[in-house]
Amino acid sequence: MHDHSESARPSRPASLLEGENVLATLEVDLDERLRFAAGRLMLSEQRLIGDGAAWTLRRDLSLRHHDHAGVGTLELHDPDGRLAVWRFTLAQNVQALRLVRVFERLIERLAHAGHAHDDDEDGDPTRCPTCHAPLPPDSDDCEICTRELTTPPSTWVLLRLWRFARPYQWTLLAGFLLTLASTAATLVPPYLTIPLMDDVLIPFQNGRSIDTTHVGMLLGGLLGSGLLAWGLSWARTWLLALVSERIAADLRTTAFDHLLGLSLDYFGAKRTGDLIARIGSETDRISVFLSLHALDFATDVLMLAMTSVILFSINPWLALVTLLPLPFIAWMIHLVRDRLRTGFEKIDRVWGDVTNVLADTIPGIRVVKAFAQESRESRRFHEANQANLAVNDRINKTWSLFSPTVTLLTDIGLLVVWGFGIWQVSRGEITVGVLTAFLAYIGRFYGRLDSMSRIVSVTQKAASGAKRIFDILDHVSNVPEPAQPVRIERLEGAVKLENIAFRYGSRSVIRGMNLDIRPGEMIGLVGHSGSGKSTLVNLICRFYDITDGSIQVDGVDIRRYALSDYRRHIGLVLQEPFLFFGTVAENIAYGRPDATREQIIAAARAAHAHDFILRLPQGYDSVVGERGQGLSGGERQRISIARALLIDPRLLILDEATASVDTETEKEIQKALDNLVQGRTTIAIAHRLSTLRKADRLVVMDRGVVVEVGTHDELMARQGHYFRLYEAQARRTESDDDGESEHDQALLARQIPQPSAHGTN
């Protein structure tokens, strides 16, 4: 499976080194002769490891991916040529794409490390924050990340749905057999018209008596074939509708589960309404296509094939005349297909814009009304809706010309058949019964042909929807799960940052940061806005991955922990707490759905939330409304603290937890936080520096680096960054207090009557 060049021999053996962290794996299931074989390719932070060989990562290595005829290929190259090749079935393609993405990020990190000084001095090319690819000059749009918006969907993308249809393959086979049988049954009645015309009706006109037994048998055949076709058609429609709904449900579930596994930077580049539209309406469209239109298309194809066989068996020359319109219809379908394909992709995007306005406005309706911006939001929706209307009008212009033209061609074809058939009857080459049966078959043939031409539209719509779904499924998270995760038995909470760095696009947010946090220690992060405090918290939570260095918890790199296992030990209290639509108890127990009512109440008591919860109409069963709009900011914050308390985290993150509340509410929240931080490793960001006096150490950040570390008294004595921050905040507080005092005095002066120049009245 490997062909090594002399310039770069792989290191051996290929077993994992002690402490080596595997970031991605690929199950290689084909050998060099394309026979099924088991193998594995692993990627760690230092090496690419195959079966029996490994290559140390270098800046000049590249990993190339391509696929052809159902076989995927990965090739490892250096400047001298190809070092190794691996082949696999496309069932492993998602794993391969993820491994390539992680490999490219590691190589890019090595490249950054090689000319870090140049980056700091001159700045490297602006890069996409999502995939870190270079951005075009004077543009914020990444060509790679926006490729899904500009690449027209191919109809072949519908074949990828087989991944979801495979579990129901036997049911689908049964549905196909029922379709075959029902189509055959519908072709029986026209054939029975031949003896009815030639053996019954025409002889009767010539004076012969009617054989009632023969007529009864023919009419019974017509009735029986009709009933059989009805029963078979009902069975196959019901069966395939059930399957299509389950395929769509599986697709919807898989897409949502994959979406939940993506990193935060993916959501930062997407609109909520667009994602809702993809997982909601696009899967519904695919379901309708599979249950109705794909079934109709299969029936149409079978009907055309069977009808063509019957027509040629009856009269080959007349059958050839019947097929004359087919080349013209096929040419028209090819002509409009590309226009429809790109048009429906645009329709999906502009419909996402309409959904985005709804997703923005409805949750933010309080802000809309507070600033009296109803007319503005109405105008936004009107503009998005008009754009949607304009795109649909362009598509309908093409489609409205295509469909009637197909109908006209089929009508002309039917007229030609009439003329040619009458000419053959006049020459005695066919009977009237044959012509009648032929015309009956022709009606069905052209009807199905017209139906098949109309399916072009729905097929392109389904292909567009499938592409948008697979764009989600093909996206690889920038925060990958480790291939061999380290299990967490019990977390002590020791956090160590070793020379960590993080870049967001071309901007270096954190660089060269080192910090040791002892278990149970409370650390306060302070600094100006934009100094990197929240970014550091996001890195410790592993919402993003660092670009250099390592973050260790209990001596293990956090990239070696399973994400869900690691985050289960982290309690997060944000400045703007998010509550879900549901009861107070359900929101408190969000991190532990199996918690008992007693545990929920205990957490609420510790968070100083129990008393106000009992004052709600239904207590703990009160519905808080969407995003907790039925509660005040301080009440929502205390519920979020109770939510963090209930999971009993070993690591606690407080991100401006008291920044948006008044002084009295802050006191209540501070009491709750005092209970929350007991015995836990705590990292707190606070807007008011006075709230961090209880911290064991304060870490002062400035422009992504640590500039001071110490207690409040130590830092004040140094009179450095922290001293200046504290003094500036104290002056602002005094200024605010003085302003309030002057304001109060002015109000009091207006309320006390002043003596006039002529004395009091």
# chains A, B, ... in the order shown; residues from 1 in each chain; ligands from 1
call {"tool": "select_by_dssp", "arguments": {"residues": "range 383-576 of chain A", "states": "alpha helix (DSSP H)", "output": "PyMOL selection string"}}
result
chain A and resi 383-426+432-473+533-540+563-567
call {"tool": "write_last_selection", "arguments": {"atoms": "C-alpha atoms", "output": "compact mmCIF listing (two decimals), in the first residue's frame"}}
result
# COMPACT_ATOMS: atom_id res chain seq x y z
CA GLU A 383 -37.24 43.20 0.69
CA ALA A 384 -36.31 39.56 1.40
CA ASN A 385 -39.74 38.42 0.26
CA GLN A 386 -39.52 40.52 -2.92
CA ALA A 387 -36.08 39.02 -3.68
CA ASN A 388 -37.59 35.57 -3.22
CA LEU A 389 -40.45 36.54 -5.54
CA ALA A 390 -38.07 37.86 -8.20
CA VAL A 391 -36.00 34.66 -8.27
CA ASN A 392 -39.14 32.52 -8.44
CA ASP A 393 -40.47 34.66 -11.29
CA ARG A 394 -37.30 34.04 -13.31
CA ILE A 395 -37.57 30.29 -12.77
CA ASN A 396 -41.28 30.26 -13.58
CA LYS A 397 -40.59 32.13 -16.82
CA THR A 398 -38.37 29.27 -17.98
CA TRP A 399 -40.65 26.56 -16.64
CA SER A 400 -43.87 28.09 -18.02
CA LEU A 401 -42.43 27.91 -21.56
CA PHE A 402 -40.99 24.41 -21.17
CA SER A 403 -44.07 22.54 -19.95
CA PRO A 404 -46.57 23.74 -22.61
CA THR A 405 -43.98 23.10 -25.33
CA VAL A 406 -43.71 19.47 -24.25
CA THR A 407 -47.50 19.20 -24.29
CA LEU A 408 -47.60 20.72 -27.79
CA LEU A 409 -45.01 18.23 -29.06
CA THR A 410 -46.97 15.29 -27.65
CA ASP A 411 -50.20 16.59 -29.21
CA ILE A 412 -48.46 16.90 -32.59
CA GLY A 413 -47.12 13.39 -32.14
CA LEU A 414 -50.64 12.11 -31.43
CA LEU A 415 -51.90 13.86 -34.59
CA VAL A 416 -49.16 12.20 -36.66
CA VAL A 417 -50.10 8.81 -35.23
CA TRP A 418 -53.77 9.41 -36.15
CA GLY A 419 -52.82 10.29 -39.70
CA PHE A 420 -50.38 7.41 -40.16
CA GLY A 421 -52.78 4.95 -38.53
CA ILE A 422 -55.71 5.94 -40.74
CA TRP A 423 -53.45 5.56 -43.78
CA GLN A 424 -52.49 2.02 -42.63
CA VAL A 425 -56.14 1.09 -41.97
CA SER A 426 -57.08 2.30 -45.47
CA VAL A 432 -59.55 -0.58 -36.50
CA GLY A 433 -59.18 -2.50 -33.23
CA VAL A 434 -55.41 -2.33 -33.48
CA LEU A 435 -55.54 1.40 -34.18
CA THR A 436 -57.89 1.92 -31.24
CA ALA A 437 -55.62 -0.02 -28.89
CA PHE A 438 -52.63 1.82 -30.30
CA LEU A 439 -54.24 5.18 -29.61
CA ALA A 440 -55.11 4.08 -26.07
CA TYR A 441 -51.49 3.11 -25.48
CA ILE A 442 -50.30 6.31 -27.13
CA GLY A 443 -52.44 8.38 -24.76
CA ARG A 444 -50.81 6.70 -21.79
CA PHE A 445 -47.37 6.88 -23.39
CA TYR A 446 -47.56 10.60 -24.03
CA GLY A 447 -49.21 11.22 -20.67
CA ARG A 448 -46.28 9.56 -18.93
CA LEU A 449 -43.83 11.40 -21.17
CA ASP A 450 -45.38 14.71 -20.18
CA SER A 451 -45.26 13.66 -16.51
CA MET A 452 -41.58 12.73 -16.84
CA SER A 453 -40.77 16.12 -18.33
CA ARG A 454 -42.46 17.81 -15.39
CA ILE A 455 -40.36 15.86 -12.90
CA VAL A 456 -37.28 17.79 -14.05
CA SER A 457 -38.41 20.66 -11.83
CA VAL A 458 -38.98 18.65 -8.66
CA THR A 459 -35.80 16.63 -9.21
CA GLN A 460 -33.70 19.78 -9.37
CA LYS A 461 -35.45 21.12 -6.26
CA ALA A 462 -34.72 17.88 -4.40
CA ALA A 463 -31.09 17.91 -5.63
CA SER A 464 -30.70 21.48 -4.40
CA GLY A 465 -32.12 20.54 -0.99
CA ALA A 466 -29.96 17.41 -0.76
CA LYS A 467 -26.84 19.43 -1.58
CA ARG A 468 -27.58 21.92 1.21
CA ILE A 469 -28.08 19.04 3.66
CA PHE A 470 -24.87 17.31 2.60
CA ASP A 471 -23.00 20.61 2.86
CA ILE A 472 -23.67 20.30 6.59
CA LEU A 473 -22.85 16.59 6.75
CA LYS A 533 -10.07 37.05 28.33
CA SER A 534 -13.19 35.50 26.78
CA THR A 535 -11.10 33.84 24.08
CA LEU A 536 -8.97 32.19 26.77
CA VAL A 537 -12.10 30.87 28.47
CA ASN A 538 -13.36 29.50 25.13
CA LEU A 539 -10.04 27.72 24.60
CA ILE A 540 -10.12 26.13 28.06
CA LEU A 563 -15.46 16.47 24.26
CA SER A 564 -18.66 15.46 26.04
CA ASP A 565 -16.73 13.71 28.82
CA TYR A 566 -14.52 16.76 29.38
CA ARG A 567 -17.24 19.39 29.21
call {"tool": "residues_around", "arguments": {"residues": "Thr355 in chain A", "least_positions_apart": "6", "cutoff": "9 Å", "atoms": "only C-alpha atoms", "output": "MDAnalysis selection string"}}
result
chainID A and resid 272:274 276:277
call {"tool": "write_last_selection", "arguments": {"atoms": "N, CA and C atoms", "output": "PDB file, in the first residue's frame"}}
result
ATOM      1  N   THR A 272     -28.969  31.601  11.582  1.00  0.00           N
ATOM      2  CA  THR A 272     -29.849  30.628  12.236  1.00  0.00           C
ATOM      3  C   THR A 272     -30.986  30.208  11.315  1.00  0.00           C
ATOM      4  N   GLY A 273     -31.612  31.188  10.663  1.00  0.00           N
ATOM      5  CA  GLY A 273     -32.740  30.880   9.790  1.00  0.00           C
ATOM      6  C   GLY A 273     -32.348  29.954   8.654  1.00  0.00           C
ATOM      7  N   ASP A 274     -31.142  30.125   8.117  1.00  0.00           N
ATOM      8  CA  ASP A 274     -30.683  29.282   7.022  1.00  0.00           C
ATOM      9  C   ASP A 274     -30.520  27.840   7.479  1.00  0.00           C
ATOM     10  N   ILE A 276     -32.060  26.427  10.031  1.00  0.00           N
ATOM     11  CA  ILE A 276     -33.401  25.902  10.303  1.00  0.00           C
ATOM     12  C   ILE A 276     -34.065  25.475   9.004  1.00  0.00           C
ATOM     13  N   ALA A 277     -33.926  26.304   7.965  1.00  0.00           N
ATOM     14  CA  ALA A 277     -34.541  25.978   6.678  1.00  0.00           C
ATOM     15  C   ALA A 277     -33.935  24.706   6.091  1.00  0.00           C
TER      16      ALA A 277
END
call {"tool": "residues_around", "arguments": {"residues": "Leu76 in chain A", "least_positions_apart": "3", "cutoff": "8 Å", "atoms": "only C-alpha atoms", "output": "PyMOL selection string"}}
result
chain A and resi 61-64+82-85
call {"tool": "select_by_dssp", "arguments": {"residues": "range 501-605 of chain A", "states": "strand (DSSP E)", "output": "ChimeraX atom specification"}}
result
/A:501-504,507-517,522-526,548-553,556-557,570-573
call {"tool": "write_last_selection", "arguments": {"atoms": "N, CA and C atoms", "output": "compact mmCIF listing (two decimals), in the first residue's frame"}}
result
# COMPACT_ATOMS: atom_id res chain seq x y z
N ALA A 501 -1.08 29.65 21.92
CA ALA A 501 -1.33 30.74 20.98
C ALA A 501 -2.62 30.44 20.24
N PHE A 502 -3.30 31.49 19.84
CA PHE A 502 -4.54 31.32 19.08
C PHE A 502 -4.67 32.48 18.10
N ARG A 503 -4.94 32.13 16.86
CA ARG A 503 -5.14 33.12 15.81
C ARG A 503 -6.56 33.03 15.30
N TYR A 504 -7.20 34.16 15.14
CA TYR A 504 -8.52 34.21 14.53
C TYR A 504 -8.36 34.92 13.20
N ARG A 507 -5.57 37.66 12.65
CA ARG A 507 -5.34 38.38 13.90
C ARG A 507 -4.87 37.43 14.99
N SER A 508 -3.76 37.73 15.60
CA SER A 508 -3.26 36.93 16.71
C SER A 508 -3.95 37.41 17.98
N VAL A 509 -4.80 36.56 18.55
CA VAL A 509 -5.59 36.95 19.72
C VAL A 509 -4.84 36.63 21.01
N ILE A 510 -4.22 35.45 21.08
CA ILE A 510 -3.43 35.06 22.25
C ILE A 510 -2.10 34.51 21.75
N ARG A 511 -1.02 34.86 22.42
CA ARG A 511 0.28 34.36 21.98
C ARG A 511 1.21 34.19 23.19
N GLY A 512 1.91 33.06 23.17
CA GLY A 512 2.94 32.79 24.17
C GLY A 512 2.47 32.86 25.60
N MET A 513 1.30 32.30 25.91
CA MET A 513 0.74 32.43 27.26
C MET A 513 1.05 31.20 28.09
N ASN A 514 1.54 31.40 29.29
CA ASN A 514 1.83 30.32 30.23
C ASN A 514 1.13 30.62 31.55
N LEU A 515 0.51 29.59 32.13
CA LEU A 515 -0.19 29.79 33.40
C LEU A 515 -0.44 28.45 34.05
N ASP A 516 -0.19 28.36 35.36
CA ASP A 516 -0.50 27.18 36.16
C ASP A 516 -1.60 27.53 37.15
N ILE A 517 -2.69 26.75 37.14
CA ILE A 517 -3.80 26.97 38.06
C ILE A 517 -3.93 25.71 38.92
N MET A 522 -9.04 29.96 42.76
CA MET A 522 -9.86 30.91 42.02
C MET A 522 -8.96 31.93 41.36
N ILE A 523 -9.08 32.00 40.02
CA ILE A 523 -8.29 32.92 39.22
C ILE A 523 -9.22 33.98 38.64
N GLY A 524 -8.84 35.23 38.76
CA GLY A 524 -9.59 36.32 38.15
C GLY A 524 -8.87 36.84 36.92
N LEU A 525 -9.57 36.89 35.79
CA LEU A 525 -8.99 37.42 34.56
C LEU A 525 -9.45 38.86 34.39
N VAL A 526 -8.52 39.77 34.26
CA VAL A 526 -8.85 41.18 34.10
C VAL A 526 -8.07 41.74 32.93
N ASP A 548 -1.27 26.73 18.82
CA ASP A 548 0.08 26.34 19.22
C ASP A 548 0.09 26.12 20.73
N GLY A 549 1.03 25.30 21.19
CA GLY A 549 1.14 25.03 22.62
C GLY A 549 0.17 23.94 23.06
N SER A 550 -0.11 23.89 24.35
CA SER A 550 -1.03 22.88 24.88
C SER A 550 -1.73 23.41 26.13
N ILE A 551 -2.97 22.94 26.30
CA ILE A 551 -3.74 23.19 27.52
C ILE A 551 -3.93 21.84 28.19
N GLN A 552 -3.42 21.70 29.40
CA GLN A 552 -3.50 20.42 30.11
C GLN A 552 -4.39 20.57 31.34
N VAL A 553 -5.23 19.59 31.54
CA VAL A 553 -6.05 19.49 32.74
C VAL A 553 -5.70 18.18 33.42
N VAL A 556 -3.12 16.10 31.41
CA VAL A 556 -3.49 15.52 30.12
C VAL A 556 -3.94 16.63 29.19
N ASP A 557 -3.41 16.61 27.98
CA ASP A 557 -3.85 17.59 26.98
C ASP A 557 -5.36 17.44 26.77
N ILE A 570 -17.34 20.81 33.42
CA ILE A 570 -17.19 22.27 33.38
C ILE A 570 -18.53 22.93 33.63
N GLY A 571 -18.56 23.86 34.58
CA GLY A 571 -19.75 24.67 34.80
C GLY A 571 -19.53 26.05 34.22
N LEU A 572 -20.49 26.54 33.43
CA LEU A 572 -20.33 27.79 32.72
C LEU A 572 -21.46 28.74 33.10
N VAL A 573 -21.11 29.91 33.60
CA VAL A 573 -22.09 30.96 33.91
C VAL A 573 -21.72 32.18 33.09
call {"tool": "closest_residue", "arguments": {"among": "A:Leu251, A:Ala602, A:Val71, A:Ile310", "to": "Leu34 in chain A", "atoms": "only C-alpha atoms"}}
result
A:Val71
